Amino acid sequence: DTGVSQNPRHKITKRGQNVTFRCDPISEHNRLYWYRQTLGQGPEFLTYFQNEAQLEKSRLLSDRFSAERPKGSFSTLEIQRTEQGDSAMYLCASSGPGRGNTIYFGEGSWLTVV
Amino acid sequence: AQKITQTQPGMFVQEKEAVTLDCTYDTSDPSYGLFWYKQPSSGEMIFLIYQGSYDQQNATEGRYSLNFQKARKSANLVISASQLGDSAMYFCAMREASNAGNMLTFGGGTRLMVKP
C-alpha cells in the first residue's frame, strides 16, 4: 500500500498523559499536513511541513502540541499533558506534484482522553 | 464569514438515482482549487474530485461530476447512479493560491444515506 499511513489508529489515554502519533506520507510527497477533526465537524488545519521545515502552525496548535518531520520523511505529532478536549481524530495528509497539488489523507488516529 | 458552506447536514437518495450535494465558497483570491472528499465510517478521507478556478470545463471522475458555477461561487458534487457504498460523509474543501502552505479549508460536511 503506497498511501498515507498513520499509527496508532486508536489511542485511549488518561488525562495528563503524553501521546505521540506517527504519519508516513506518500513517498514522493514533500508536503505533509496535520489536521484535527471532532465529531460532526470538518477537519481543521493544525500544521504543515515542506520537507523537514515546519512552515505553518494554526492557532489551534497550543504549546502542548509539537510536531516534527526529521529528514523530511515521516512525521510525529506529540500531545503533552492531554486534556479531555484533545479527544478527536488526528488526520495526516500529504501532497506533491500533480494536478491541483491534491492532498491525500491517511485513515486517521482516534484519540480518546479519559 | 464561513469560507466553505455545506447547507445540507443530511441527504437521502434511492439506490441507482442521482444526487447533488451543495457547496458554496467565499474567496477573493482569483486562483483557487475546490475539492470533494468522502469519509466513510472508518474515518479515512478519500479524495474524489478536483476543480481549478481557471478550468474551463466541469470536472468529472467516473460517477462523480462537479457542477462549477464560478459567478455564483458554488461547486456542487453530483453522484450519478448511487450505490449503497456511497453512504458516507462528504466534505467540500478549498485551497487558495495565496495560502502558501496549500492547506485546505473544509465545510461542515453532508451525510449521504443511500436507500436500497
# chains A, B, ... in the order shown; residues from 1 in each chain; ligands from 1

call {"tool": "interface_residues", "arguments": {"of": "chain A", "to": "chain B", "cutoff": "8 Å", "atoms": "only C-alpha atoms", "output": "number ranges by chain"}}
result
A: 33, 40-45, 48, 55-56, 100, 102-108

call {"tool": "residues_around", "arguments": {"residues": "stretch 53-62 of chain B", "least_positions_apart": "2", "cutoff": "10 Å", "atoms": "only C-alpha atoms", "output": "list in words"}}
result
Asp29, Pro30, Ser31, Tyr32, Gly33, Leu34, Leu48, Ile49, Tyr50, Gln51, Tyr64, Ser65, Leu66, Asn67, Phe68, Gln69, Lys70, Ala75, Leu77, Val78, Ile79, Ser80 and Glu96 of chain B

call {"tool": "select_by_dssp", "arguments": {"residues": "chain B", "states": "strand (DSSP E or B)", "output": "PyMOL selection string"}}
result
chain B and resi 4-5+10-14+19-21+24-25+32-39+46-52+60-61+64-69+74-79+88-96+105-106+110-115

call {"tool": "residues_around", "arguments": {"residues": "A:Lys14", "least_positions_apart": "6", "cutoff": "9 Å", "atoms": "only C-alpha atoms", "output": "list in words"}}
result
Thr82, Glu83, Gln84, Thr112, Val113 and Val114 of chain A

call {"tool": "select_by_dssp", "arguments": {"residues": "stretch 3-106 of chain A", "states": "helix (DSSP H, G or I)", "output": "VMD selection string"}}
result
chain A and resid 70 to 72 84 to 86 99 to 101

call {"tool": "write_last_selection", "arguments": {"atoms": "C-alpha atoms", "output": "PDB file, in the first residue's frame"}}
result
ATOM      1  CA  PRO A  70      13.025  14.769  10.761  1.00  0.00           C
ATOM      2  CA  LYS A  71      14.750  14.313   7.420  1.00  0.00           C
ATOM      3  CA  GLY A  72      11.584  15.232   5.598  1.00  0.00           C
ATOM      4  CA  GLN A  84     -10.349  15.813  27.545  1.00  0.00           C
ATOM      5  CA  GLY A  85     -10.779  18.496  24.900  1.00  0.00           C
ATOM      6  CA  ASP A  86      -7.982  16.891  22.926  1.00  0.00           C
ATOM      7  CA  ARG A  99      -2.983  18.270 -10.750  1.00  0.00           C
ATOM      8  CA  GLY A 100      -4.187  20.680  -8.118  1.00  0.00           C
ATOM      9  CA  ASN A 101      -1.476  19.506  -5.701  1.00  0.00           C
TER      10      ASN A 101
END

call {"tool": "atom_distance", "arguments": {"atom1": "atom CA of A:Leu77", "atom2": "atom CA of A:His10"}}
result
14.1 Å

call {"tool": "atom_distance", "arguments": {"atom1": "atom CA of A:Asn30", "atom2": "atom CA of A:Ile79"}}
result
23.7 Å
